[in-house]
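Engineer: Provided herewith: entry.txt, compact mmCIF, C-alpha atoms.
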```
# COMPACT_ATOMS: atom_id res chain seq x y z
CA MET A 1 -32.77 -0.79 21.25
CA ALA A 2 -29.39 -2.35 21.91
CA GLY A 3 -28.11 -4.67 19.21
CA TYR A 4 -30.71 -3.59 16.64
CA TYR A 5 -28.10 -2.88 13.97
CA HIS A 6 -25.36 -5.43 13.26
CA GLN A 7 -22.33 -4.69 11.10
CA GLU A 8 -22.59 -8.06 9.37
CA ASP A 9 -26.20 -7.34 8.34
CA LEU A 10 -24.98 -4.98 5.62
CA ALA A 11 -23.87 -8.01 3.62
CA HIS A 12 -27.54 -9.06 3.52
CA PHE A 13 -28.68 -5.79 1.94
CA PRO A 14 -29.27 -7.54 -1.44
CA ASP A 15 -31.87 -9.76 0.28
CA VAL A 16 -34.14 -6.72 0.22
CA GLY A 17 -34.43 -7.32 -3.53
CA LYS A 18 -35.88 -10.82 -3.15
CA ASN A 19 -39.51 -9.76 -3.31
CA ALA A 20 -38.99 -7.03 -5.89
CA PRO A 21 -36.03 -8.09 -8.05
CA GLU A 22 -36.68 -5.67 -10.89
CA LEU A 23 -36.84 -2.69 -8.54
CA TRP A 24 -33.63 -3.90 -6.84
CA ARG A 25 -31.89 -4.23 -10.21
CA LYS A 26 -32.87 -0.68 -11.14
CA PHE A 27 -31.78 0.64 -7.76
CA SER A 28 -28.42 -1.18 -7.98
CA GLU A 29 -27.65 0.14 -11.45
CA TRP A 30 -28.67 3.66 -10.57
CA TYR A 31 -26.70 3.56 -7.31
CA ALA A 32 -23.53 2.43 -9.11
CA ALA A 33 -23.96 5.14 -11.74
CA VAL A 34 -24.47 7.80 -9.08
CA PHE A 35 -21.13 7.02 -7.43
CA ALA A 36 -19.10 6.69 -10.64
CA GLU A 37 -16.58 9.38 -11.50
CA GLY A 38 -18.37 12.23 -13.25
CA ALA A 39 -18.42 15.99 -12.89
CA LEU A 40 -17.58 15.19 -9.26
CA SER A 41 -14.75 12.82 -8.37
CA GLU A 42 -15.42 9.53 -6.58
CA ARG A 43 -13.64 11.02 -3.56
CA GLU A 44 -15.96 14.06 -3.48
CA LYS A 45 -19.03 11.85 -3.86
CA SER A 46 -17.92 9.68 -0.95
CA LEU A 47 -17.54 12.76 1.24
CA ILE A 48 -21.08 13.90 0.32
CA ALA A 49 -22.37 10.38 1.07
CA LEU A 50 -20.62 10.41 4.44
CA ALA A 51 -22.21 13.75 5.33
CA VAL A 52 -25.68 12.58 4.25
CA ALA A 53 -25.18 9.29 6.13
CA HIS A 54 -24.76 11.31 9.32
CA ALA A 55 -27.72 13.54 8.51
CA VAL A 56 -29.99 10.50 8.03
CA GLN A 57 -28.12 8.67 10.83
CA CYS A 58 -27.76 5.38 8.96
CA PRO A 59 -25.18 3.23 10.79
CA TYR A 60 -24.56 1.03 7.75
CA CYS A 61 -23.92 4.08 5.57
CA ILE A 62 -21.64 5.64 8.19
CA ASP A 63 -19.55 2.45 8.30
CA ALA A 64 -19.49 2.01 4.55
CA TYR A 65 -18.69 5.61 3.66
CA THR A 66 -16.10 6.07 6.40
CA GLN A 67 -14.26 3.17 4.78
CA ALA A 68 -14.99 4.50 1.28
CA CYS A 69 -13.71 7.99 2.14
CA LEU A 70 -10.44 6.53 3.46
CA GLU A 71 -10.12 4.30 0.40
CA LYS A 72 -10.63 7.28 -1.89
CA GLY A 73 -7.78 9.12 -0.16
CA SER A 74 -9.68 11.46 2.18
CA ASN A 75 -8.35 12.17 5.64
CA PRO A 76 -10.16 12.59 8.99
CA GLU A 77 -9.82 16.38 8.73
CA GLN A 78 -11.75 16.45 5.44
CA MET A 79 -14.26 13.87 6.68
CA THR A 80 -14.92 15.87 9.86
CA GLU A 81 -15.50 19.05 7.84
CA ALA A 82 -18.03 17.11 5.73
CA LEU A 83 -19.91 16.15 8.92
CA HIS A 84 -19.95 19.78 10.00
CA VAL A 85 -21.55 20.71 6.67
CA ALA A 86 -24.31 18.13 7.28
CA SER A 87 -24.71 19.27 10.89
CA ALA A 88 -24.81 22.94 9.93
CA ILE A 89 -27.60 22.27 7.45
CA ARG A 90 -29.50 20.22 10.04
CA GLY A 91 -29.02 22.91 12.70
CA GLY A 92 -29.72 25.71 10.26
CA ALA A 93 -32.86 24.00 9.03
CA SER A 94 -34.21 24.04 12.58
CA LEU A 95 -33.10 27.55 13.27
CA VAL A 96 -34.46 29.02 10.06
CA HIS A 97 -37.95 27.92 11.19
CA GLY A 98 -37.54 30.68 13.73
CA VAL A 99 -38.96 32.83 10.93
CA GLN A 100 -42.18 30.75 11.08
CA MET A 101 -42.17 31.09 14.85
CA ARG A 102 -41.81 34.84 14.57
CA ASN A 103 -44.54 35.03 11.91
CA ALA A 104 -46.93 32.99 14.05
CA ALA A 105 -46.15 35.04 17.14
CA ALA A 106 -46.58 38.29 15.24
CA LYS A 107 -49.96 37.18 13.94
CA VAL A 108 -51.42 36.70 17.41
CA SER A 109 -49.68 39.59 19.06
CA LEU A 110 -50.80 43.15 19.47
CA MET B 1 9.91 -2.78 18.43
CA SER B 2 10.11 -5.61 15.94
CA LEU B 3 7.98 -8.72 16.47
CA VAL B 4 11.23 -10.67 16.75
CA SER B 5 12.55 -8.51 19.57
CA ILE B 6 9.40 -8.96 21.67
CA GLN B 7 9.31 -12.68 20.80
CA HIS B 8 5.80 -12.34 19.37
CA PRO B 9 4.36 -15.59 17.95
CA LEU B 10 3.80 -13.82 14.60
CA ALA B 11 7.55 -13.29 14.29
CA SER B 12 7.44 -16.87 13.03
CA SER B 13 6.59 -17.17 9.33
CA ALA B 14 5.05 -20.59 10.01
CA GLU B 15 2.58 -19.00 12.44
CA GLN B 16 1.69 -16.30 9.90
CA ILE B 17 1.04 -18.94 7.25
CA ARG B 18 -1.06 -20.94 9.72
CA VAL B 19 -3.28 -17.88 10.37
CA LEU B 20 -3.57 -17.09 6.64
CA ASP B 21 -4.33 -20.69 5.67
CA ALA B 22 -7.08 -20.86 8.28
CA SER B 23 -8.84 -17.99 6.54
CA ALA B 24 -8.78 -19.97 3.27
CA ARG B 25 -11.23 -22.38 4.86
CA VAL B 26 -13.93 -19.69 5.09
CA ARG B 27 -13.45 -18.05 1.69
CA LYS B 28 -12.30 -18.95 -1.79
CA PRO B 29 -8.64 -20.04 -1.61
CA PHE B 30 -6.34 -17.82 -3.69
CA ALA B 31 -5.34 -20.69 -5.96
CA ARG B 32 -8.99 -21.22 -6.88
CA ALA B 33 -9.44 -17.51 -7.62
CA LEU B 34 -6.45 -17.80 -9.98
CA ALA B 35 -7.90 -20.97 -11.53
CA ASP B 36 -11.26 -19.24 -12.08
CA SER B 37 -9.45 -16.59 -14.10
CA GLU B 38 -7.42 -19.24 -15.96
CA LEU B 39 -4.14 -18.19 -14.37
CA PHE B 40 -3.40 -21.29 -12.33
CA PRO B 41 -0.68 -22.37 -12.08
CA LEU B 42 0.87 -18.92 -12.24
CA ARG B 43 4.03 -18.84 -14.32
CA ALA B 44 6.81 -16.27 -14.69
CA THR B 45 6.98 -14.40 -17.99
CA GLY B 46 10.67 -13.50 -17.64
CA ILE B 47 12.96 -11.59 -15.29
CA ARG B 48 12.78 -7.84 -15.81
CA VAL B 49 13.48 -6.84 -12.21
CA PHE B 50 16.26 -8.29 -10.08
CA GLN B 51 15.21 -7.28 -6.59
CA ILE B 52 17.85 -7.54 -3.89
CA ASN B 53 16.82 -7.35 -0.26
CA VAL B 54 20.08 -6.44 1.44
CA GLY B 55 18.83 -6.93 4.99
CA LYS B 56 16.36 -6.19 7.75
CA LEU B 57 18.27 -3.42 9.48
CA CYS B 58 16.32 -0.15 9.49
CA ASN B 59 16.39 3.13 11.42
CA GLN B 60 12.56 3.05 11.63
CA THR B 61 10.04 0.54 12.97
CA CYS B 62 6.90 1.20 10.90
CA LEU B 63 3.70 -0.40 12.13
CA HIS B 64 2.79 -1.96 8.77
CA CYS B 65 6.27 -3.27 7.86
CA HIS B 66 6.09 -6.62 6.08
CA VAL B 67 9.81 -7.19 6.75
CA ASP B 68 9.54 -6.68 10.53
CA ALA B 69 12.58 -4.48 10.03
CA GLY B 70 14.09 -2.25 12.69
CA PRO B 71 17.25 -1.08 14.44
CA ASP B 72 17.39 -4.36 16.35
CA ARG B 73 17.52 -6.59 13.25
CA SER B 74 20.95 -7.90 12.37
CA GLU B 75 20.26 -9.95 9.21
CA ILE B 76 22.31 -8.24 6.52
CA MET B 77 23.75 -9.21 3.12
CA THR B 78 27.50 -9.80 3.15
CA ARG B 79 29.93 -8.55 0.47
CA GLU B 80 30.34 -12.16 -0.65
CA THR B 81 26.60 -12.53 -1.37
CA ALA B 82 26.48 -9.08 -2.98
CA GLU B 83 29.33 -10.18 -5.27
CA LEU B 84 27.34 -13.30 -6.20
CA CYS B 85 24.42 -11.02 -7.13
CA ILE B 86 26.62 -8.90 -9.40
CA GLU B 87 28.17 -12.02 -10.92
CA ALA B 88 24.71 -13.44 -11.60
CA LEU B 89 23.52 -10.16 -13.11
CA SER B 90 26.54 -9.79 -15.34
CA GLY B 91 25.60 -12.94 -17.24
CA THR B 92 22.13 -11.63 -18.08
CA ARG B 93 20.41 -8.69 -19.74
CA ILE B 94 18.04 -8.10 -16.81
CA PRO B 95 17.50 -4.34 -17.12
CA VAL B 96 16.41 -3.31 -13.61
CA VAL B 97 18.05 -3.76 -10.21
CA ASP B 98 15.73 -2.91 -7.33
CA ILE B 99 17.50 -2.60 -3.96
CA THR B 100 15.36 -2.88 -0.85
CA GLY B 101 15.56 -3.71 2.87
CA GLY B 102 15.15 -2.68 5.74
CA ALA B 103 16.77 0.60 4.97
CA PRO B 104 19.05 -0.75 2.21
CA GLU B 105 21.44 2.19 2.51
CA LEU B 106 22.44 0.99 6.00
CA ASN B 107 24.07 -2.09 4.50
CA PRO B 108 27.82 -1.29 4.34
CA ASN B 109 27.90 -2.77 0.82
CA PHE B 110 25.06 -0.63 -0.52
CA ARG B 111 27.17 1.90 -2.40
CA TRP B 112 29.42 -0.84 -3.78
CA LEU B 113 26.38 -2.72 -5.05
CA VAL B 114 24.90 0.40 -6.69
CA GLU B 115 28.18 1.26 -8.43
CA ARG B 116 28.68 -2.28 -9.71
CA ALA B 117 25.10 -2.57 -11.00
CA ARG B 118 25.40 0.83 -12.68
CA GLY B 119 28.72 -0.29 -14.10
CA LEU B 120 26.88 -3.15 -15.78
CA GLY B 121 24.60 -0.55 -17.34
CA ARG B 122 21.55 -1.52 -15.31
CA HIS B 123 18.83 0.84 -14.14
CA VAL B 124 19.05 0.93 -10.33
CA MET B 125 16.22 1.69 -7.92
CA ASP B 126 16.64 2.41 -4.22
CA ARG B 127 13.65 1.85 -1.91
CA CYS B 128 14.34 4.62 0.54
CA ASN B 129 12.57 5.50 3.78
CA LEU B 130 13.68 9.17 3.38
CA THR B 131 14.80 9.71 6.98
CA VAL B 132 17.92 7.63 6.34
CA LEU B 133 19.13 10.46 4.09
CA LEU B 134 19.44 12.71 7.16
CA LEU B 135 21.42 10.31 9.36
CA PRO B 136 24.90 11.65 10.23
CA SER B 137 26.34 8.24 9.30
CA GLN B 138 24.94 8.60 5.79
CA SER B 139 26.43 11.94 4.81
CA GLY B 140 26.69 12.38 1.05
CA LEU B 141 24.13 9.63 0.41
CA ALA B 142 21.66 11.77 -1.54
CA GLU B 143 24.51 13.17 -3.64
CA PHE B 144 25.78 9.62 -4.25
CA LEU B 145 22.35 8.53 -5.49
CA ALA B 146 22.12 11.54 -7.80
CA ARG B 147 25.64 11.02 -9.16
CA ASN B 148 24.78 7.41 -10.02
CA GLU B 149 21.37 8.38 -11.45
CA VAL B 150 19.62 6.00 -9.08
CA GLU B 151 15.84 6.10 -9.19
CA VAL B 152 14.66 6.80 -5.65
CA ILE B 153 11.38 5.30 -4.47
CA CYS B 154 10.36 6.80 -1.16
CA SER B 155 7.73 5.81 1.36
CA LEU B 156 5.32 8.60 2.24
CA PRO B 157 1.91 7.26 3.19
CA TYR B 158 0.20 10.64 3.29
CA PHE B 159 0.77 14.33 2.70
CA LEU B 160 -0.05 15.14 6.34
CA GLY B 161 2.00 14.54 9.47
CA GLU B 162 -0.66 12.89 11.61
CA GLN B 163 -1.23 9.96 9.25
CA THR B 164 2.44 9.56 8.31
CA ASP B 165 3.67 9.58 11.91
CA ALA B 166 0.91 7.18 12.98
CA GLN B 167 2.32 4.60 10.57
CA ARG B 168 6.04 5.39 10.57
CA GLY B 169 6.80 6.89 13.98
CA ALA B 170 6.78 10.28 15.70
CA GLY B 171 8.60 13.01 13.79
CA VAL B 172 9.07 10.94 10.63
CA PHE B 173 6.89 13.19 8.49
CA GLU B 174 8.85 16.34 9.27
CA ARG B 175 12.16 14.60 8.53
CA SER B 176 10.69 13.05 5.37
CA ILE B 177 9.79 16.53 4.12
CA GLN B 178 13.35 17.71 4.86
CA ALA B 179 14.74 14.75 2.92
CA LEU B 180 12.39 15.35 -0.02
CA ARG B 181 13.54 18.98 -0.14
CA LYS B 182 17.12 17.75 -0.21
CA LEU B 183 16.35 15.43 -3.13
CA ASN B 184 14.48 18.17 -4.99
CA ALA B 185 17.47 20.49 -4.49
CA LEU B 186 19.65 17.89 -6.24
CA GLY B 187 17.25 17.82 -9.17
CA TYR B 188 15.25 14.75 -8.13
CA GLY B 189 11.63 14.98 -9.23
CA ARG B 190 12.29 18.14 -11.23
CA ALA B 191 11.15 18.24 -14.84
CA GLY B 192 13.98 17.60 -17.28
CA ALA B 193 16.58 16.70 -14.63
CA GLY B 194 16.45 12.97 -15.43
CA LEU B 195 16.49 12.00 -11.76
CA ARG B 196 13.33 10.09 -10.94
CA LEU B 197 11.74 10.52 -7.54
CA ASN B 198 8.67 8.37 -6.89
CA LEU B 199 6.60 8.19 -3.75
CA VAL B 200 4.86 5.17 -2.26
CA TYR B 201 1.45 5.42 -0.62
CA ASN B 202 0.42 2.69 1.83
CA PRO B 203 -3.00 2.97 3.54
CA VAL B 204 -2.69 4.04 7.16
CA GLY B 205 -5.06 1.33 8.36
CA ALA B 206 -7.19 -1.64 7.34
CA PHE B 207 -8.47 -0.32 4.04
CA LEU B 208 -7.51 -0.45 0.38
CA PRO B 209 -5.55 2.32 -1.36
CA PRO B 210 -7.32 4.91 -3.51
CA SER B 211 -7.05 5.06 -7.28
CA GLN B 212 -3.38 5.66 -8.06
CA ALA B 213 -4.09 8.47 -10.52
CA ALA B 214 -6.43 10.29 -8.13
CA ALA B 215 -4.02 9.92 -5.18
CA GLU B 216 -1.08 11.11 -7.28
CA ALA B 217 -3.03 14.24 -8.25
CA ASP B 218 -3.89 14.91 -4.58
CA PHE B 219 -0.29 14.36 -3.43
CA LYS B 220 1.14 16.59 -6.18
CA ARG B 221 -1.29 19.36 -5.35
CA GLU B 222 -0.90 19.15 -1.57
CA LEU B 223 2.87 18.55 -1.36
CA GLY B 224 3.41 21.35 -3.87
CA ARG B 225 1.07 23.79 -2.16
CA ARG B 226 2.10 23.04 1.42
CA TYR B 227 5.83 22.31 1.07
CA GLY B 228 6.89 23.21 -2.46
CA ILE B 229 7.85 19.55 -3.09
CA GLU B 230 7.84 17.97 -6.55
CA PHE B 231 7.99 14.30 -7.49
CA ASN B 232 7.44 12.15 -10.57
CA SER B 233 4.95 9.38 -9.77
CA LEU B 234 3.01 8.04 -6.83
CA TYR B 235 2.72 4.27 -6.41
CA THR B 236 -0.19 2.96 -4.37
CA ILE B 237 0.63 -0.26 -2.54
CA THR B 238 -1.86 -2.38 -0.60
CA ASN B 239 -0.82 -3.40 2.90
CA MET B 240 0.04 -7.09 2.83
CA PRO B 241 -1.62 -9.13 5.61
CA ILE B 242 1.65 -10.50 6.93
CA SER B 243 4.14 -9.68 9.68
CA ARG B 244 3.45 -6.45 11.62
CA PHE B 245 0.37 -5.52 9.61
CA LEU B 246 -1.07 -8.97 10.28
CA GLU B 247 -0.39 -8.44 13.98
CA PHE B 248 -2.25 -5.10 13.80
CA LEU B 249 -5.19 -6.68 11.94
CA LEU B 250 -5.56 -9.44 14.53
CA ARG B 251 -5.04 -7.17 17.54
CA SER B 252 -7.55 -4.58 16.30
CA GLY B 253 -10.23 -7.13 15.28
CA ASN B 254 -9.94 -6.14 11.61
CA TYR B 255 -8.42 -9.34 10.25
CA GLU B 256 -11.51 -11.17 8.96
CA ARG B 257 -13.02 -8.06 7.39
CA TYR B 258 -9.75 -7.11 5.74
CA MET B 259 -9.20 -10.58 4.27
CA GLU B 260 -12.79 -10.64 3.07
CA LYS B 261 -12.30 -7.26 1.46
CA LEU B 262 -9.12 -8.40 -0.31
CA ALA B 263 -10.78 -11.60 -1.55
CA ASN B 264 -14.00 -9.87 -2.62
CA SER B 265 -11.94 -7.27 -4.48
CA TYR B 266 -9.98 -9.89 -6.45
CA ASN B 267 -9.36 -8.41 -9.89
CA PRO B 268 -8.34 -10.85 -12.67
CA VAL B 269 -6.70 -8.00 -14.61
CA ALA B 270 -4.53 -7.17 -11.59
CA ALA B 271 -3.71 -10.88 -11.27
CA VAL B 272 -2.39 -10.99 -14.83
CA GLY B 273 0.02 -8.15 -13.99
CA VAL B 274 1.34 -9.33 -10.60
CA MET B 275 4.98 -8.37 -10.13
CA CYS B 276 6.24 -11.89 -9.32
CA ARG B 277 5.78 -12.82 -12.98
CA ASP B 278 8.72 -10.65 -14.05
CA THR B 279 10.61 -10.15 -10.78
CA LEU B 280 13.14 -12.30 -8.99
CA SER B 281 13.72 -11.55 -5.32
CA VAL B 282 17.06 -12.29 -3.64
CA GLY B 283 17.16 -12.58 0.14
CA TRP B 284 19.90 -11.15 2.37
CA ASP B 285 21.42 -14.65 2.57
CA GLY B 286 21.24 -15.25 -1.19
CA VAL B 287 18.13 -17.46 -1.21
CA LEU B 288 15.83 -16.80 -4.19
CA TYR B 289 12.13 -15.99 -3.90
CA ASP B 290 9.24 -15.06 -6.17
CA CYS B 291 8.74 -11.74 -4.35
CA ASP B 292 9.71 -9.84 -1.21
CA PHE B 293 6.49 -10.95 0.53
CA ASN B 294 7.21 -14.65 -0.08
CA GLN B 295 10.72 -13.92 1.14
CA MET B 296 9.40 -12.67 4.48
CA LEU B 297 7.21 -15.77 4.77
CA ASP B 298 10.25 -18.00 4.05
CA ILE B 299 8.62 -19.39 0.90
CA PRO B 300 11.46 -19.80 -1.64
CA VAL B 301 11.06 -20.32 -5.39
CA ALA B 302 9.66 -23.73 -6.29
CA GLY B 303 12.30 -26.34 -5.63
CA GLY B 304 14.49 -23.85 -3.76
CA ALA B 305 17.49 -22.05 -5.17
CA HIS B 306 20.42 -19.85 -4.11
CA ILE B 307 22.04 -17.02 -6.02
CA ARG B 308 25.24 -19.07 -6.33
CA ASP B 309 23.26 -21.55 -8.47
CA PHE B 310 21.55 -18.85 -10.54
CA ARG B 311 19.85 -20.32 -13.63
CA PRO B 312 18.09 -17.45 -15.43
CA ASP B 313 16.88 -19.76 -18.20
CA LEU B 314 14.90 -21.88 -15.72
CA LEU B 315 13.95 -19.07 -13.36
CA SER B 316 12.50 -16.89 -16.10
CA ARG B 317 9.77 -19.46 -16.80
CA ARG B 318 9.37 -20.88 -13.30
CA LEU B 319 6.08 -21.69 -11.62
CA ILE B 320 5.24 -19.08 -8.99
CA VAL B 321 4.47 -20.21 -5.44
CA THR B 322 1.29 -18.50 -4.20
CA GLY B 323 -0.57 -18.32 -0.89
CA GLU B 324 -3.52 -16.56 0.73
CA HIS B 325 -1.47 -13.37 1.24
CA CYS B 326 -1.33 -13.01 -2.57
CA TYR B 327 -4.85 -11.55 -2.45
CA GLY B 328 -3.00 -8.40 -1.30
CA CYS B 329 -1.54 -7.98 -4.81
CA THR B 330 -4.74 -8.69 -6.75
CA ALA B 331 -7.32 -6.57 -4.89
CA GLY B 332 -8.91 -3.60 -6.62
CA GLY B 333 -6.43 -1.77 -8.81
CA GLY B 334 -3.75 -4.33 -7.93
CA SER B 335 -0.55 -3.74 -6.04
CA SER B 336 3.14 -4.21 -6.71
CA CYS B 337 6.47 -2.58 -5.95
CA GLY B 338 5.67 -0.42 -8.98
CA GLY B 339 2.19 0.47 -7.72
CA ALA B 340 -1.17 -0.45 -9.23
CA THR B 341 -1.20 -3.18 -11.87
CA ALA B 342 -4.70 -2.89 -13.34
```
Starting from the file, lay out its structure as structure tokens.

Structural biologist:
Amino acid sequence: MAGYYHQEDLAHFPDVGKNAPELWRKFSEWYAAVFAEGALSEREKSLIALAVAHAVQCPYCIDAYTQACLEKGSNPEQMTEALHVASAIRGGASLVHGVQMRNAAAKVSL
Amino acid sequence: MSLVSIQHPLASSAEQIRVLDASARVRKPFARALADSELFPLRATGIRVFQINVGKLCNQTCLHCHVDAGPDRSEIMTRETAELCIEALSGTRIPVVDITGGAPELNPNFRWLVERARGLGRHVMDRCNLTVLLLPSQSGLAEFLARNEVEVICSLPYFLGEQTDAQRGAGVFERSIQALRKLNALGYGRAGAGLRLNLVYNPVGAFLPPSQAAAEADFKRELGRRYGIEFNSLYTITNMPISRFLEFLLRSGNYERYMEKLANSYNPVAAVGVMCRDTLSVGWDGVLYDCDFNQMLDIPVAGGAHIRDFRPDLLSRRLIVTGEHCYGCTAGGGSSCGGATA
């Protein structure tokens, strides 16, 4: 569906809170707390977010966290490795179901 | 190539201001942002830093350069103007002399200026592009800086070659590392040596710099681990949307987003600490400005003034002239020649 996502639409994300303001407030506060410096640095959290953004294939998140990673001092080498982590888990998650395939095949086989 | 040498429309400061002013019509003008934080009109608090831009000549042509400096630029401070600077300084107690360019060391009066300022007992800073230290014409320069206890502030946008060369030119990173090793060997950046070596980070693109403390920790770890290089502090500086960086923003379609980001990231605390409030900037021709950015936009101090008519009593409480580009100094953690301000 060409043109379904528009970069400028991200600015309208808060509109989602219009019909459930209290839930939006809670989400916003929690979201900000999640990305604050803690046991992990803001830079590390942005790299995790970038990897997850690719795993869930959210174009807004990919845009936002590419920018965030650069602004936290990460470089394309580190960002690419983060994507490989996400991709490895996605690929591995498929492949590990080969165990289920083997179990099912074994059950019906002589 | 400089914008001037290719006769680009943005080589004109009037054209840059026209572009910047147009963006003020679609977002809060900078003056109103200042007013909302009760800082308008912005006034100087004194003169702590006497910044001398000795010219636009440089051995590099960096893509983000707000001076549009390069080997083809011929604007350079004469001995006569340099003498006026020293004369002006001598009648004050301004503690810091900050020498910039271009590559300031390429001005034939650079060493004279450093020695005279040091002779007046002032702390002297040299804004150095690093590679200039390796030029055959500049032999003994690093030793000269060390002998005069000049604080060296060096541009190094990243601890990897790819990013550094993308901004500053092919091969610059490798030569910068050589120059940093040379400075370290002289004691610069070494604990207890008393020779301060600071690095400057500029984002390699249309985004804001990271937290200064976090970036400094990353640079110290990576430059130490990869190259055995030590330094004192890292200053993060936001790319100012003027001159070559403005040209990049417009050409790459990033201009509106970048300006929006700067404006949306306006930080009143950073605005309180903007460098123009305690800095006076002298142009290569002796004209006085509130900062080096205003200098490049040909916006002199209010009412106009020249170093030959230096009035520190008036200048130290002058009204600062601001424009839309000033959002570059007030975004996020703030930005100045001394790094973050908030």

Engineer: Which residues of range 10-56 of chain A come within 12 Å of range 192-210 of chain B, and what is each one's closest atom pair and distance in Å (one decimal), counting only C-alpha atoms, sorted by chain and residue number, as JSON lines?

Structural biologist:
```
{"residue": "A:Ser41", "atom": "CA", "partner": "B:Pro210", "partner_atom": "CA", "distance": 11.9}
{"residue": "A:Glu42", "atom": "CA", "partner": "B:Pro210", "partner_atom": "CA", "distance": 9.8}
{"residue": "A:Arg43", "atom": "CA", "partner": "B:Pro210", "partner_atom": "CA", "distance": 8.8}
{"residue": "A:Ser46", "atom": "CA", "partner": "B:Pro210", "partner_atom": "CA", "distance": 11.9}
```

Engineer: Between chain A and chain B, at 10 Å or less, what are the per-residue closest atom pairs and their distances in Å? Count only C-alpha atoms, order by chain and rising residue number, and return it as JSON lines.

Structural biologist:
```
{"residue": "A:Glu8", "atom": "CA", "partner": "B:Arg257", "partner_atom": "CA", "distance": 9.8}
{"residue": "A:Ser41", "atom": "CA", "partner": "B:Ala214", "partner_atom": "CA", "distance": 8.7}
{"residue": "A:Glu42", "atom": "CA", "partner": "B:Ala214", "partner_atom": "CA", "distance": 9.2}
{"residue": "A:Arg43", "atom": "CA", "partner": "B:Ala214", "partner_atom": "CA", "distance": 8.6}
{"residue": "A:Gln67", "atom": "CA", "partner": "B:Phe207", "partner_atom": "CA", "distance": 6.8}
{"residue": "A:Ala68", "atom": "CA", "partner": "B:Phe207", "partner_atom": "CA", "distance": 8.6}
{"residue": "A:Cys69", "atom": "CA", "partner": "B:Pro210", "partner_atom": "CA", "distance": 9.1}
{"residue": "A:Leu70", "atom": "CA", "partner": "B:Phe207", "partner_atom": "CA", "distance": 7.2}
{"residue": "A:Glu71", "atom": "CA", "partner": "B:Pro210", "partner_atom": "CA", "distance": 4.8}
{"residue": "A:Lys72", "atom": "CA", "partner": "B:Pro210", "partner_atom": "CA", "distance": 4.4}
{"residue": "A:Gly73", "atom": "CA", "partner": "B:Pro210", "partner_atom": "CA", "distance": 5.4}
{"residue": "A:Ser74", "atom": "CA", "partner": "B:Pro210", "partner_atom": "CA", "distance": 9.0}
{"residue": "A:Asn75", "atom": "CA", "partner": "B:Gln163", "partner_atom": "CA", "distance": 8.3}
{"residue": "A:Pro76", "atom": "CA", "partner": "B:Gln163", "partner_atom": "CA", "distance": 9.3}
```

Engineer: Counting all atoms listed in the file, what is within 10 Å of Cys85 in chain B, bar same-chain residues fewer than 5 positions away, as a list in words?

Structural biologist: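 Returned residues: Phe50, Gln51, Ile52, Arg79, Glu80, Ser90, Leu113, Ala117, Val282, Gly286, Ile307, Arg308 and Phe310 of chain B.
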
Engineer: Which residue gives the smallest distance to Leu315 in chain B among B:Met296, B:Ile229, B:Met125, B:Leu280, with all atoms listed in the file counted?

Structural biologist: B:Leu280

Engineer: So how many Å separate CA of Met240 in chain B and CA of His8 in chain B, to one decimal?

Structural biologist: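 Computed distance, CA of Met240 in chain B to CA of His8 in chain B, equals 18.3 Å.
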
Engineer: Between CA of Gly46 in chain B and CA of Gly121 in chain B, measure the distance and give it in Å to one decimal.

Structural biologist: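 Taking CA of Gly46 in chain B as the start and CA of Gly121 in chain B as the end point, the length is 19.0 Å.
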
Engineer: Excluding same-chain residues fewer than 6 positions from Ile62 in chain A, what lies within 7 Å of it counting only C-alpha atoms, as an NGL selection string?

Structural biologist: :A and (50 or 53-54)

Engineer: Quick one: residues within 10 Å of Asp292 in chain B, all atoms listed in the file counted, chain neighbours fewer than 2 positions away excluded, as a list in words?

Structural biologist: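 Contacts, in chain order: Gln51, Ile52, Asn53, His66, Val67, Thr100, Gly101, Cys276, Thr279, Leu280, Ser281, Val282, Gly283, Leu288, Tyr289, Asp290, Asn294, Gln295, Met296, Leu297, Asp298, Ile299 and Cys337 of chain B.
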
Engineer: So the first atom is CA of Leu186 in chain B and the second is CA of Leu133 in chain B; what is the distance between them in Å, to one decimal place?

Structural biologist: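 So the answer is 12.7 Å.
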
Engineer: Show me, as a list in words, the residues that have an atom within 9 Å of Lys220 in chain B when counting only C-alpha atoms, minus same-chain residues fewer than 5 positions from it.

Structural biologist: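 The residues satisfying every condition are Ala215, Arg225, Ile229, Glu230, Phe231, Asn232, Ser233 and Leu234 of chain B.
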
Engineer: With distances taken over all atoms listed in the file, which of B:Val274, B:Ala103, B:Val114, B:Ala14 is nearest to Glu83 in chain B?

Structural biologist: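 Nearest to Glu83 in chain B: B:Val114.
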